[in-house]
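Shown next: query.txt, given as compact mmCIF, C-alpha atoms and all ligand atoms.
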```txt
# COMPACT_ATOMS: atom_id res chain seq x y z
CA MET A 116 5.90 -31.69 -15.22
CA LYS A 117 3.52 -29.87 -17.52
CA ALA A 118 2.67 -26.18 -17.16
CA LEU A 119 -0.22 -24.73 -19.13
CA HIS A 120 0.25 -20.99 -19.58
CA PHE A 121 -2.57 -18.79 -20.94
CA GLY A 122 -1.23 -15.90 -23.06
CA ALA A 123 1.87 -16.42 -25.24
CA GLY A 124 2.43 -12.66 -25.39
CA ASN A 125 5.28 -10.53 -24.10
CA ILE A 126 5.20 -11.50 -20.44
CA GLY A 127 4.04 -15.04 -21.23
CA ARG A 128 7.00 -15.86 -23.46
CA GLY A 129 9.49 -13.37 -22.02
CA PHE A 130 9.03 -14.10 -18.35
CA ILE A 131 6.66 -16.87 -17.21
CA GLY A 132 7.38 -19.32 -20.04
CA LEU A 133 11.13 -18.78 -19.68
CA LEU A 134 11.14 -19.17 -15.90
CA LEU A 135 8.89 -22.24 -15.91
CA SER A 136 11.00 -23.88 -18.61
CA GLN A 137 14.18 -23.18 -16.60
CA ALA A 138 12.42 -24.64 -13.54
CA GLY A 139 11.95 -27.92 -15.41
CA TYR A 140 8.41 -27.57 -16.73
CA GLU A 141 7.31 -28.54 -20.22
CA VAL A 142 5.44 -25.37 -21.20
CA ILE A 143 2.23 -25.45 -23.24
CA PHE A 144 0.90 -22.03 -24.23
CA SER A 145 -2.76 -21.36 -24.86
CA ASP A 146 -3.39 -18.31 -27.04
CA VAL A 147 -6.05 -17.03 -29.42
CA ASN A 148 -3.54 -15.52 -31.84
CA ASP A 149 -3.52 -18.16 -34.63
CA VAL A 150 -0.15 -17.12 -36.06
CA LEU A 151 1.56 -17.25 -32.68
CA VAL A 152 0.02 -20.65 -31.92
CA GLU A 153 1.08 -22.09 -35.29
CA GLN A 154 4.62 -20.75 -34.93
CA LEU A 155 5.00 -22.25 -31.45
CA GLN A 156 3.56 -25.56 -32.60
CA GLU A 157 5.92 -25.73 -35.57
CA ARG A 158 9.12 -24.46 -34.03
CA LYS A 159 8.68 -25.68 -30.44
CA SER A 160 11.20 -23.16 -29.18
CA TYR A 161 11.87 -19.44 -29.08
CA THR A 162 14.55 -16.98 -28.02
CA VAL A 163 14.54 -14.56 -25.11
CA ARG A 164 17.09 -11.74 -25.30
CA LEU A 165 18.15 -9.68 -22.30
CA ALA A 166 18.13 -5.91 -22.74
CA ASN A 167 21.62 -5.20 -21.44
CA GLU A 168 25.05 -4.58 -22.88
CA ALA A 169 25.84 -8.27 -23.31
CA GLN A 170 22.44 -9.01 -24.91
CA GLU A 171 22.57 -12.61 -23.61
CA THR A 172 20.07 -14.93 -25.25
CA TYR A 173 18.20 -17.92 -23.86
CA THR A 174 16.53 -20.63 -25.91
CA VAL A 175 13.26 -21.81 -24.45
CA ALA A 176 12.91 -25.28 -25.91
CA GLY A 177 10.38 -28.09 -25.74
CA VAL A 178 7.39 -25.74 -25.77
CA THR A 179 4.19 -26.04 -27.75
CA ALA A 180 0.83 -24.31 -27.99
CA ILE A 181 -2.88 -24.94 -28.23
CA ASN A 182 -5.48 -22.65 -29.70
CA GLY A 183 -7.41 -20.94 -26.89
CA LYS A 184 -10.49 -20.79 -29.12
CA ASN A 185 -10.72 -24.59 -28.96
CA LEU A 186 -12.54 -25.08 -25.65
CA GLU A 187 -12.18 -28.87 -25.65
CA ALA A 188 -8.41 -28.66 -26.18
CA VAL A 189 -8.10 -26.07 -23.41
CA ALA A 190 -10.13 -28.19 -20.99
CA GLU A 191 -8.03 -31.26 -21.79
CA ALA A 192 -4.81 -29.29 -21.28
CA VAL A 193 -6.09 -28.02 -17.92
CA ALA A 194 -6.99 -31.58 -16.96
CA GLU A 195 -3.48 -32.79 -17.75
CA ALA A 196 -1.46 -29.91 -16.33
CA ASP A 197 0.62 -29.91 -13.14
CA LEU A 198 0.43 -26.12 -13.02
CA VAL A 199 -1.68 -23.45 -14.73
CA THR A 200 -0.55 -19.83 -15.09
CA THR A 201 -1.93 -16.83 -16.97
CA ALA A 202 -0.69 -13.52 -18.44
CA VAL A 203 -3.55 -12.46 -20.68
CA GLY A 204 -4.61 -9.15 -19.11
CA VAL A 205 -6.89 -8.95 -16.10
CA ASN A 206 -9.91 -8.04 -18.25
CA ILE A 207 -9.44 -11.24 -20.28
CA LEU A 208 -9.57 -13.57 -17.27
CA LYS A 209 -13.33 -13.99 -17.64
CA HIS A 210 -12.80 -15.24 -21.20
CA ILE A 211 -10.45 -18.06 -20.18
CA ALA A 212 -12.64 -19.13 -17.25
CA GLY A 213 -14.82 -21.43 -19.41
CA GLY A 214 -11.95 -23.71 -20.48
CA ILE A 215 -10.53 -23.77 -16.96
CA ALA A 216 -13.93 -24.65 -15.44
CA LYS A 217 -14.37 -27.51 -17.92
CA GLY A 218 -10.83 -28.70 -17.22
CA ILE A 219 -11.46 -28.69 -13.46
CA GLU A 220 -14.60 -30.74 -14.04
CA LEU A 221 -12.52 -33.28 -16.01
CA ARG A 222 -9.81 -33.38 -13.33
CA ILE A 223 -12.34 -34.04 -10.60
CA ALA A 224 -14.01 -36.80 -12.64
CA ARG A 225 -10.59 -38.41 -13.25
CA GLY A 226 -9.41 -37.99 -9.67
CA ALA A 227 -6.40 -35.98 -10.84
CA LYS A 228 -3.77 -34.45 -8.55
CA PRO A 229 -4.37 -31.08 -6.84
CA LEU A 230 -3.70 -28.07 -9.08
CA HIS A 231 -2.50 -24.50 -8.58
CA ILE A 232 -3.72 -21.78 -10.94
CA ILE A 233 -1.71 -18.56 -10.74
CA ALA A 234 -2.73 -15.39 -12.55
CA CYS A 235 0.35 -13.31 -13.39
CA GLU A 236 -1.42 -10.05 -14.17
CA ASN A 237 -0.83 -6.46 -13.02
CA ALA A 238 -3.69 -6.43 -10.54
CA ILE A 239 -4.52 -6.89 -6.89
CA GLY A 240 -5.95 -10.39 -6.35
CA GLY A 241 -5.67 -11.52 -9.99
CA SER A 242 -5.93 -15.24 -9.17
CA THR A 243 -8.82 -14.57 -6.80
CA GLN A 244 -10.62 -12.73 -9.61
CA LEU A 245 -10.01 -15.67 -11.94
CA LYS A 246 -11.33 -18.07 -9.30
CA GLU A 247 -14.55 -16.03 -9.07
CA HIS A 248 -15.03 -16.24 -12.84
CA VAL A 249 -14.34 -19.99 -12.83
CA TYR A 250 -16.49 -20.77 -9.79
CA ALA A 251 -19.41 -18.87 -11.35
CA LEU A 252 -19.40 -21.61 -14.03
CA LEU A 253 -19.24 -24.61 -11.65
CA SER A 254 -22.14 -26.31 -9.88
CA GLU A 255 -22.23 -26.13 -6.08
CA GLU A 256 -21.11 -29.76 -5.89
CA LEU A 257 -18.12 -29.13 -8.16
CA ARG A 258 -17.21 -25.97 -6.24
CA THR A 259 -17.03 -27.98 -3.02
CA LYS A 260 -14.84 -30.61 -4.68
CA ALA A 261 -12.68 -27.92 -6.32
CA ASP A 262 -12.09 -26.31 -2.91
CA ALA A 263 -10.05 -29.37 -1.95
CA ALA A 264 -8.36 -29.94 -5.31
CA VAL A 265 -7.65 -26.55 -6.89
CA ALA A 266 -6.09 -23.41 -5.43
CA PHE A 267 -5.74 -19.94 -6.91
CA PRO A 268 -2.80 -18.27 -5.12
CA ASP A 269 -2.44 -14.56 -5.85
CA ALA A 270 0.84 -13.28 -7.23
CA ALA A 271 2.88 -10.21 -8.12
CA VAL A 272 4.96 -10.29 -11.28
CA ASP A 273 7.57 -7.75 -12.23
CA ARG A 274 9.56 -7.59 -15.46
CA ILE A 275 9.33 -4.88 -18.12
CA VAL A 276 8.64 -6.45 -21.51
CA PRO A 277 7.77 -3.87 -24.19
CA ILE A 278 5.90 -4.48 -27.44
CA GLN A 279 8.26 -6.45 -29.68
CA HIS A 280 9.48 -5.38 -33.11
CA ASN A 281 11.79 -8.30 -33.93
CA GLU A 282 12.20 -9.97 -37.28
CA ASP A 283 11.50 -13.30 -35.58
CA PRO A 284 7.88 -13.09 -34.31
CA LEU A 285 8.62 -15.44 -31.40
CA GLU A 286 11.74 -13.69 -30.14
CA VAL A 287 11.23 -11.45 -27.16
CA THR A 288 13.54 -8.87 -25.59
CA VAL A 289 13.11 -8.39 -21.85
CA GLU A 290 14.77 -6.35 -19.15
CA PRO A 291 17.21 -8.41 -17.04
CA PHE A 292 15.33 -7.79 -13.76
CA TYR A 293 12.47 -10.05 -12.70
CA GLU A 294 10.48 -10.85 -9.60
CA TRP A 295 7.62 -13.33 -9.20
CA VAL A 296 6.08 -13.40 -5.74
CA VAL A 297 3.36 -15.91 -4.82
CA ASP A 298 1.13 -16.04 -1.74
CA GLU A 299 1.95 -19.37 -0.13
CA SER A 300 -0.87 -19.00 2.39
CA GLN A 301 -3.25 -19.70 -0.52
CA MET A 302 -1.46 -22.86 -1.67
CA LEU A 303 -2.58 -26.42 -1.08
CA GLU A 304 -0.75 -28.49 1.50
CA GLY A 305 2.48 -30.15 0.28
CA PHE A 306 2.75 -27.96 -2.82
CA THR A 307 5.77 -28.13 -5.13
CA ARG A 308 7.83 -24.94 -5.18
CA ILE A 309 8.71 -23.45 -8.56
CA ALA A 310 12.41 -22.58 -8.72
CA GLY A 311 12.79 -18.83 -9.16
CA VAL A 312 9.52 -17.93 -7.44
CA HIS A 313 9.59 -16.08 -4.12
CA TYR A 314 6.91 -17.44 -1.78
CA VAL A 315 5.56 -15.16 0.93
CA LYS A 316 3.03 -15.62 3.71
CA THR A 317 1.35 -12.25 3.12
CA LEU A 318 1.26 -10.88 -0.42
CA GLU A 319 -0.34 -7.47 0.13
CA PRO A 320 2.87 -5.54 0.97
CA TYR A 321 4.60 -7.02 -2.09
CA ILE A 322 1.84 -6.48 -4.61
CA GLU A 323 1.12 -2.96 -3.33
CA ARG A 324 4.82 -2.05 -3.30
CA LYS A 325 5.18 -3.29 -6.89
CA LEU A 326 1.92 -1.89 -8.26
CA PHE A 327 2.20 1.51 -6.51
CA THR A 328 5.88 2.00 -7.36
CA VAL A 329 6.72 0.28 -10.67
CA ASN A 330 3.30 0.55 -12.26
CA THR A 331 2.28 3.90 -10.77
CA GLY A 332 5.63 5.40 -11.69
CA HIS A 333 5.60 3.90 -15.17
CA CYS A 334 2.10 5.08 -16.07
CA SER A 335 2.98 8.52 -14.67
CA ALA A 336 5.86 8.70 -17.16
CA ALA A 337 3.48 7.56 -19.91
CA TYR A 338 0.65 10.04 -19.22
CA LEU A 339 2.98 12.98 -18.54
CA GLY A 340 5.10 12.02 -21.54
CA TYR A 341 2.01 11.85 -23.73
CA LEU A 342 1.07 15.42 -22.77
CA GLN A 343 4.51 16.59 -23.92
CA GLY A 344 4.14 14.74 -27.22
CA TYR A 345 6.60 11.91 -26.52
CA ALA A 346 6.13 8.45 -28.02
CA THR A 347 8.43 6.48 -25.73
CA ILE A 348 9.07 6.24 -22.00
CA GLN A 349 12.79 6.70 -22.62
CA GLU A 350 12.13 10.06 -24.38
CA ALA A 351 9.73 11.16 -21.66
CA MET A 352 12.10 10.29 -18.82
CA ALA A 353 14.91 12.20 -20.54
CA LEU A 354 13.01 15.43 -19.82
CA PRO A 355 14.16 16.46 -16.30
CA GLN A 356 10.74 17.97 -15.51
CA ILE A 357 8.98 14.64 -16.19
CA ALA A 358 11.64 12.55 -14.43
CA SER A 359 11.28 14.79 -11.39
CA LEU A 360 7.46 14.54 -11.36
CA VAL A 361 7.64 10.74 -11.70
CA LYS A 362 10.00 10.68 -8.72
CA HIS A 363 7.58 12.83 -6.74
CA VAL A 364 4.72 10.42 -7.51
CA MET A 365 6.86 7.47 -6.40
CA HIS A 366 7.82 9.27 -3.20
CA GLU A 367 4.16 10.04 -2.57
CA THR A 368 3.18 6.38 -2.91
CA GLY A 369 6.37 5.52 -0.98
CA SER A 370 5.19 7.55 2.04
CA ILE A 371 1.87 5.69 1.93
CA LEU A 372 3.54 2.28 1.60
CA ILE A 373 6.03 3.00 4.38
CA LYS A 374 3.25 4.11 6.72
CA LYS A 375 0.94 1.23 5.82
CA HIS A 376 3.43 -1.63 5.61
CA ASP A 377 6.21 -0.39 7.86
CA PHE A 378 8.84 -0.53 5.11
CA GLU A 379 12.23 0.90 5.95
CA LEU A 380 12.71 4.35 4.39
CA ALA A 381 16.31 3.79 3.19
CA GLN A 382 15.41 0.43 1.61
CA HIS A 383 12.41 1.93 -0.13
CA GLU A 384 14.58 4.77 -1.53
CA ILE A 385 16.89 2.13 -3.02
CA TYR A 386 13.87 0.33 -4.47
CA ILE A 387 12.64 3.56 -6.12
CA ASP A 388 16.07 4.40 -7.55
CA LYS A 389 16.44 0.94 -9.04
CA ILE A 390 13.03 1.25 -10.71
CA LEU A 391 13.87 4.67 -12.13
CA GLN A 392 16.98 3.09 -13.69
CA ARG A 393 14.82 0.32 -15.14
CA PHE A 394 12.51 2.91 -16.76
CA THR A 395 15.49 4.49 -18.51
CA ASN A 396 17.16 1.25 -19.62
CA PRO A 397 18.92 2.38 -22.85
CA TYR A 398 18.59 -1.12 -24.35
CA LEU A 399 14.78 -1.00 -24.32
CA ILE A 400 12.30 1.12 -26.23
CA ASP A 401 8.96 1.17 -24.48
CA ASP A 402 5.99 2.91 -26.06
CA VAL A 403 3.96 5.47 -24.11
CA ALA A 404 0.90 3.86 -25.74
CA ARG A 405 1.72 0.46 -24.15
CA VAL A 406 2.53 1.75 -20.68
CA GLY A 407 -0.51 4.05 -20.68
CA ARG A 408 -2.82 1.44 -22.27
CA SER A 409 -6.27 0.75 -20.83
CA PRO A 410 -6.69 4.00 -18.88
CA ILE A 411 -10.12 2.91 -17.58
CA ARG A 412 -8.46 -0.06 -15.86
CA LYS A 413 -5.61 2.09 -14.63
CA LEU A 414 -8.06 4.68 -13.21
CA SER A 415 -10.22 2.04 -11.50
CA VAL A 416 -10.61 2.00 -7.75
CA ASN A 417 -8.28 -0.91 -6.99
CA ASP A 418 -5.55 -0.05 -9.43
CA ARG A 419 -2.24 1.88 -9.33
CA LEU A 420 -3.55 5.45 -9.04
CA VAL A 421 -6.84 5.60 -7.14
CA ARG A 422 -6.11 2.88 -4.57
CA PRO A 423 -2.92 4.49 -3.21
CA ALA A 424 -4.50 7.96 -3.40
CA LEU A 425 -7.48 6.89 -1.28
CA GLN A 426 -5.24 4.99 1.12
CA GLY A 427 -3.01 8.06 1.46
CA TYR A 428 -6.01 10.28 2.08
CA ASP A 429 -7.25 7.92 4.79
CA LEU A 430 -3.79 8.10 6.38
CA GLY A 431 -4.09 11.90 6.53
CA MET A 432 -2.00 12.69 3.43
CA THR A 433 -2.87 14.81 0.39
CA PRO A 434 -2.08 12.79 -2.75
CA THR A 435 -1.33 15.79 -4.96
CA TYR A 436 0.95 14.03 -7.44
CA LEU A 437 -1.32 11.01 -7.84
CA ALA A 438 -4.20 13.39 -8.57
CA MET A 439 -2.02 15.12 -11.15
CA VAL A 440 -1.32 11.81 -12.92
CA MET A 441 -5.03 10.92 -12.84
CA ALA A 442 -5.75 14.27 -14.51
CA ALA A 443 -3.14 13.47 -17.16
CA ALA A 444 -4.73 10.04 -17.66
CA PHE A 445 -8.05 11.71 -18.46
CA LEU A 446 -6.24 13.62 -21.22
CA PHE A 447 -4.56 10.52 -22.70
CA GLN A 448 -5.79 9.91 -26.25
CA ASP A 449 -5.10 6.88 -28.44
CA ALA A 450 -7.48 6.02 -31.26
CA ALA A 451 -6.27 2.38 -31.10
CA ASP A 452 -7.11 2.04 -27.40
CA PRO A 453 -10.88 1.53 -26.87
CA GLU A 454 -10.64 2.58 -23.21
CA ALA A 455 -8.93 5.87 -24.08
CA VAL A 456 -11.57 6.49 -26.76
CA GLN A 457 -14.38 5.74 -24.28
CA ILE A 458 -13.03 8.20 -21.71
CA GLN A 459 -12.84 10.97 -24.31
CA ALA A 460 -16.43 10.23 -25.39
CA ASP A 461 -17.59 10.41 -21.77
CA LEU A 462 -15.78 13.68 -21.22
CA GLN A 463 -17.76 15.11 -24.14
CA GLU A 464 -21.06 13.66 -22.99
CA LEU A 465 -20.91 13.81 -19.19
CA GLY A 466 -18.34 16.52 -18.57
CA LEU A 467 -15.18 16.26 -16.49
CA ALA A 468 -16.65 16.08 -12.97
CA GLN A 469 -18.99 13.16 -13.69
CA THR A 470 -16.40 11.33 -15.79
CA ILE A 471 -13.90 11.49 -12.93
CA THR A 472 -16.45 9.94 -10.58
CA LYS A 473 -17.58 7.36 -13.13
CA TYR A 474 -14.10 5.88 -13.50
CA THR A 475 -12.41 6.55 -10.16
CA THR A 476 -15.55 6.22 -7.95
CA ILE A 477 -14.31 9.38 -6.18
CA GLY A 478 -17.37 11.56 -5.47
CA GLU A 479 -17.53 15.24 -6.34
CA GLU A 480 -17.49 16.19 -2.65
CA HIS A 481 -14.14 14.44 -2.09
CA PRO A 482 -11.03 16.68 -1.93
CA ILE A 483 -9.16 14.35 -4.32
CA HIS A 484 -11.88 14.97 -6.92
CA GLN A 485 -11.21 18.69 -6.67
CA LEU A 486 -7.47 18.09 -7.00
CA ILE A 487 -7.96 16.08 -10.20
CA LEU A 488 -10.19 18.80 -11.63
CA THR A 489 -7.67 21.52 -10.83
CA HIS A 490 -4.74 19.63 -12.36
CA TYR A 491 -6.82 18.78 -15.43
CA GLU A 492 -7.67 22.43 -16.03
CA GLN A 493 -4.01 23.41 -15.57
CA PHE A 494 -2.88 20.78 -18.06
CA LYS A 495 -5.53 21.92 -20.53
CA GLN A 496 -4.27 25.50 -20.29
CA THR A 497 -0.63 24.45 -20.77
CA VAL A 498 -1.48 22.21 -23.71
CA SER A 499 -3.56 24.88 -25.46
CA SER A 500 -1.10 27.75 -24.79
N1 LIG A 601 4.55 -6.65 -20.47
C1 LIG A 601 4.93 -6.42 -19.24
O1 LIG A 601 5.95 -5.79 -19.01
C2 LIG A 601 4.14 -6.93 -18.09
C3 LIG A 601 2.85 -7.35 -18.21
N2 LIG A 601 2.18 -7.83 -17.11
C4 LIG A 601 0.82 -8.26 -17.22
O2 LIG A 601 0.79 -9.45 -18.01
C5 LIG A 601 -0.43 -9.50 -18.74
C6 LIG A 601 -0.12 -9.66 -20.23
O3 LIG A 601 0.63 -8.55 -20.65
P1 LIG A 601 1.52 -8.61 -21.95
O4 LIG A 601 2.22 -9.90 -22.03
O5 LIG A 601 2.31 -7.36 -21.97
O6 LIG A 601 0.40 -8.54 -23.06
P2 LIG A 601 0.40 -9.20 -24.53
O7 LIG A 601 -0.68 -8.53 -25.26
O8 LIG A 601 1.78 -9.19 -25.08
O9 LIG A 601 0.01 -10.73 -24.24
C7 LIG A 601 -1.28 -11.17 -23.95
C8 LIG A 601 -1.51 -12.43 -24.75
O10 LIG A 601 -2.77 -12.98 -24.33
C9 LIG A 601 -3.40 -13.52 -25.48
N3 LIG A 601 -4.81 -13.72 -25.24
C10 LIG A 601 -5.83 -12.84 -25.34
N4 LIG A 601 -7.00 -13.46 -25.09
C11 LIG A 601 -6.72 -14.75 -24.81
C12 LIG A 601 -7.50 -15.89 -24.49
N5 LIG A 601 -8.83 -15.81 -24.39
N6 LIG A 601 -6.87 -17.07 -24.29
C13 LIG A 601 -5.52 -17.17 -24.39
N7 LIG A 601 -4.73 -16.11 -24.70
C14 LIG A 601 -5.32 -14.93 -24.91
C15 LIG A 601 -3.07 -12.51 -26.58
O11 LIG A 601 -3.27 -13.05 -27.87
C16 LIG A 601 -1.62 -12.19 -26.26
O12 LIG A 601 -0.75 -13.05 -26.97
C17 LIG A 601 -1.17 -8.21 -18.39
O13 LIG A 601 -2.06 -8.44 -17.33
C18 LIG A 601 -0.07 -7.28 -17.93
O14 LIG A 601 -0.54 -6.30 -17.04
C19 LIG A 601 2.77 -7.94 -15.89
C20 LIG A 601 4.05 -7.56 -15.70
C21 LIG A 601 4.84 -7.05 -16.80
O1 LIG A 602 0.29 -4.15 -18.32
P1 LIG A 602 -0.36 -2.91 -17.82
O2 LIG A 602 -0.98 -3.08 -16.48
O3 LIG A 602 -1.23 -2.24 -18.81
O4 LIG A 602 0.79 -1.83 -17.57
C1 LIG A 602 2.00 -1.85 -18.21
C2 LIG A 602 2.97 -2.25 -17.14
O5 LIG A 602 3.64 -3.44 -17.39
C3 LIG A 602 4.96 -3.31 -16.92
O6 LIG A 602 5.77 -3.31 -18.06
C4 LIG A 602 5.37 -4.39 -15.99
O7 LIG A 602 4.58 -4.41 -14.86
C5 LIG A 602 5.05 -2.01 -16.22
O8 LIG A 602 6.28 -1.49 -16.30
C6 LIG A 602 3.94 -1.21 -16.82
O9 LIG A 602 3.49 -0.31 -15.89
```

What do you get writing this file as structure tokens?
Amino acid sequence: MKALHFGAGNIGRGFIGLLLSQAGYEVIFSDVNDVLVEQLQERKSYTVRLANEAQETYTVAGVTAINGKNLEAVAEAVAEADLVTTAVGVNILKHIAGGIAKGIELRIARGAKPLHIIACENAIGGSTQLKEHVYALLSEELRTKADAAVAFPDAAVDRIVPIQHNEDPLEVTVEPFYEWVVDESQMLEGFTRIAGVHYVKTLEPYIERKLFTVNTGHCSAAYLGYLQGYATIQEAMALPQIASLVKHVMHETGSILIKKHDFELAQHEIYIDKILQRFTNPYLIDDVARVGRSPIRKLSVNDRLVRPALQGYDLGMTPTYLAMVMAAAFLFQDAADPEAVQIQADLQELGLAQTITKYTTIGEEHPIHQLILTHYEQFKQTVSS
């Protein structure tokens, strides 16, 4: 069985590639990083190291790579694959859609077997978004044929894989925990299960629980840590004041999740505690810049801050801590992060009130808008004093 995986980066090699290989797939990575592609082609294997006391290592063998810039090669790989997965970043999905669309066209012409394409990105409806990009490139006739032959089940993926600083450029250190949940209601009849994947009939509770707890909590540590001058999540979480605020944010989203999805309170507390331990894993060093990266995406309406805040507000709650983290996100600066640079430019040009609305869609008349403004001003005063 062949799996084509787009994105041979941290999560691609450290989680999806490893799991698919262990599940019996021959993994072919598609990436646009020439060095990475050449290394994978030459060496055909790489090492995954667990960030725990034992530091167990796994060899992922029998892998190879194609260059994602070569559209024909990508299309051919899509045509030949038994499974396609991605971990490129949700904003990159549109850039891989061309090769996938061409590959689907080839599959249909050749009468190939049905195919599942699973986007493993930190986003609500990642595969559905990819499908929209791909379908926009297909004719109506091909779209109708693809409806019967290709499915894009949404997924939630959870494993912390920081930026790597290993001597071996292919080696990747990952936290021991992982969870990959796939929406089986979006799969084609008679699909083959991937060992290690948890299939569920309704994905929303799983993706929201993960995104609003792991990802909301993590970016809270990053933005609050940044304001205190910390470079890593581990340093930030060592400050009791930040650890306590992060916990408050996770309890705030927890109340929303429990109300919306009927989760059991005690179970959710255990879930939060386990995640807090994962954030402070002493065998990992995770940069504030990575966890806070792409603040425009993280402040967008369907992502980890605004979506739970608006849901909480609609449920009659006041999302004070989420608003505080949004305020901190507007203060996050990183010259190497184009989204952080863009927000700072907009703050200069448009002012705070309009910038908040531009990125969060929350109008100036909304109470959450006022909360963000208030927290922002408070942070500004603390930072300048
Ligand atoms: N690192 C983590 O802990 C987790 C990351 N994720 C998600 O996984 C996705 C990837 O994240 P990371 O692995 O951390 O990022 P990364 O930057 O390490 O990997 C992304 C890879 O995609 C490649 N890429 C970019 N454009 C491409 C294209 N057009 N075709 C093929 N490959 C292309 C890059 O060269 C890079 O190797 C993101 O959506 C992230 O939110 C999800 C869960 C955990
Ligand atoms: O990849 P993103 O969405 O920029 O965010 C980084 C996130 O990746 C993770 O490492 C895994 O989901 C989180 O811990 C962190 O919040």

Give me, as a tab-separated table, each residue of range 157-271 of chain A that comes within 10 Å of range 418-428 of chain A, together with its shortest interatomic pair and the distance in Å at one decimal, counting only C-alpha atoms, with rows ordered by chain and rising residue number.
```
residue	atom	partner	partner_atom	distance
A:Asn237	CA	A:Asp418	CA	8.7
A:Ala238	CA	A:Asp418	CA	6.7
A:Ile239	CA	A:Asp418	CA	7.4
```

For the residues in that selection, give me C-alpha atoms as a short mmCIF file (atom, residue, chain, number, x, y, z; two decimals), in the frame of the given file.
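Listing of again.cif after writing:
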```cif
data_model
loop_
_atom_site.label_atom_id
_atom_site.label_comp_id
_atom_site.auth_asym_id
_atom_site.auth_seq_id
_atom_site.Cartn_x
_atom_site.Cartn_y
_atom_site.Cartn_z
CA ASN A 237 -0.83 -6.46 -13.02
CA ALA A 238 -3.69 -6.43 -10.54
CA ILE A 239 -4.52 -6.89 -6.89
#
```

Show me a table, sorted first by chain and then by increasing residue number, of the residues of range 314-341 of chain A having an atom at most 12 Å from range 240-251 of chain A, each with its shortest atom pair and the distance in Å to one decimal, counting only C-alpha atoms and written as CSV.
```
residue,atom,partner,partner_atom,distance
A:Leu318,CA,A:Gly240,CA,9.3
A:Glu319,CA,A:Gly240,CA,9.1
A:Tyr321,CA,A:Gly240,CA,11.9
A:Ile322,CA,A:Gly240,CA,8.9
A:Glu323,CA,A:Gly240,CA,10.7
A:Leu326,CA,A:Gly240,CA,11.7
```

Checklist entry - Can you tell me, as a VMD selection string, what residues are no more than 12 Å from Pro320 in chain A when counting all atoms listed in the file, ignoring any on the same chain fewer than 5 positions away? => result chain A and resid 239 270 to 271 296 to 298 315 325 to 328 369 371 to 378

Checklist entry - Which distance in Å separates CA of Thr476 in chain A and atom O4 of ligand LIG 601 (chain A), to one decimal? => result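 Pair CA of Thr476 in chain A / atom O4 of ligand LIG 601 (chain A) returns 27.8 Å.
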
Closest pair table for chain A residues within 9 Å of ligand LIG 602 (chain A), all atoms listed in the file, as a Markdown table:
```
| residue | atom | partner | partner_atom | distance |
| --- | --- | --- | --- | --- |
| A:Ile126 | CA | A:LIG602 | C4 | 8.4 |
| A:Gly204 | CA | A:LIG602 | O1 | 7.0 |
| A:Val205 | CA | A:LIG602 | O2 | 8.3 |
| A:Glu236 | CA | A:LIG602 | O2 | 7.4 |
| A:Asn237 | CA | A:LIG602 | O2 | 4.8 |
| A:Ala238 | CA | A:LIG602 | O2 | 7.3 |
| A:Val272 | CA | A:LIG602 | O7 | 6.9 |
| A:Asp273 | CA | A:LIG602 | O7 | 5.2 |
| A:Arg274 | CA | A:LIG602 | C4 | 5.3 |
| A:Ile275 | CA | A:LIG602 | O6 | 3.9 |
| A:Val276 | CA | A:LIG602 | O6 | 5.5 |
| A:Pro277 | CA | A:LIG602 | O6 | 6.5 |
| A:Lys325 | CA | A:LIG602 | O7 | 8.1 |
| A:Leu326 | CA | A:LIG602 | O7 | 7.5 |
| A:Val329 | CA | A:LIG602 | O8 | 5.9 |
| A:Asn330 | CA | A:LIG602 | O9 | 3.7 |
| A:Thr331 | CA | A:LIG602 | O9 | 6.7 |
| A:Gly332 | CA | A:LIG602 | O9 | 7.4 |
| A:His333 | CA | A:LIG602 | O9 | 4.8 |
| A:Cys334 | CA | A:LIG602 | O9 | 5.6 |
| A:Ser335 | CA | A:LIG602 | O9 | 8.9 |
| A:Ala337 | CA | A:LIG602 | O9 | 8.8 |
| A:Arg393 | CA | A:LIG602 | O8 | 8.8 |
| A:Phe394 | CA | A:LIG602 | O8 | 7.6 |
| A:Asp401 | CA | A:LIG602 | O6 | 8.5 |
| A:Arg405 | CA | A:LIG602 | C1 | 6.4 |
| A:Val406 | CA | A:LIG602 | C1 | 4.4 |
| A:Gly407 | CA | A:LIG602 | O3 | 6.6 |
| A:Arg408 | CA | A:LIG602 | O3 | 5.3 |
| A:Ser409 | CA | A:LIG602 | O3 | 6.2 |
| A:Pro410 | CA | A:LIG602 | O3 | 8.3 |
| A:Arg412 | CA | A:LIG602 | O2 | 8.1 |
| A:Lys413 | CA | A:LIG602 | O2 | 7.2 |
| A:Asp418 | CA | A:LIG602 | O2 | 8.9 |
| A:Arg419 | CA | A:LIG602 | O2 | 8.8 |
```

Save C-alpha atoms of range 186-197 of chain A from the block above as an mmCIF file, in the first residue's frame.
```cif
data_model
loop_
_atom_site.group_PDB
_atom_site.id
_atom_site.type_symbol
_atom_site.label_atom_id
_atom_site.label_comp_id
_atom_site.auth_asym_id
_atom_site.auth_seq_id
_atom_site.Cartn_x
_atom_site.Cartn_y
_atom_site.Cartn_z
ATOM 1 C CA LEU A 186 3.516 19.014 -10.878
ATOM 2 C CA GLU A 187 3.672 15.994 -13.193
ATOM 3 C CA ALA A 188 5.442 13.880 -10.560
ATOM 4 C CA VAL A 189 2.925 14.949 -7.918
ATOM 5 C CA ALA A 190 -0.023 14.103 -10.176
ATOM 6 C CA GLU A 191 1.469 10.692 -10.985
ATOM 7 C CA ALA A 192 2.055 9.981 -7.286
ATOM 8 C CA VAL A 193 -1.551 10.947 -6.499
ATOM 9 C CA ALA A 194 -2.730 8.665 -9.299
ATOM 10 C CA GLU A 195 -0.785 5.735 -7.869
ATOM 11 C CA ALA A 196 -1.466 6.240 -4.171
ATOM 12 C CA ASP A 197 -3.760 4.176 -1.952
#
```
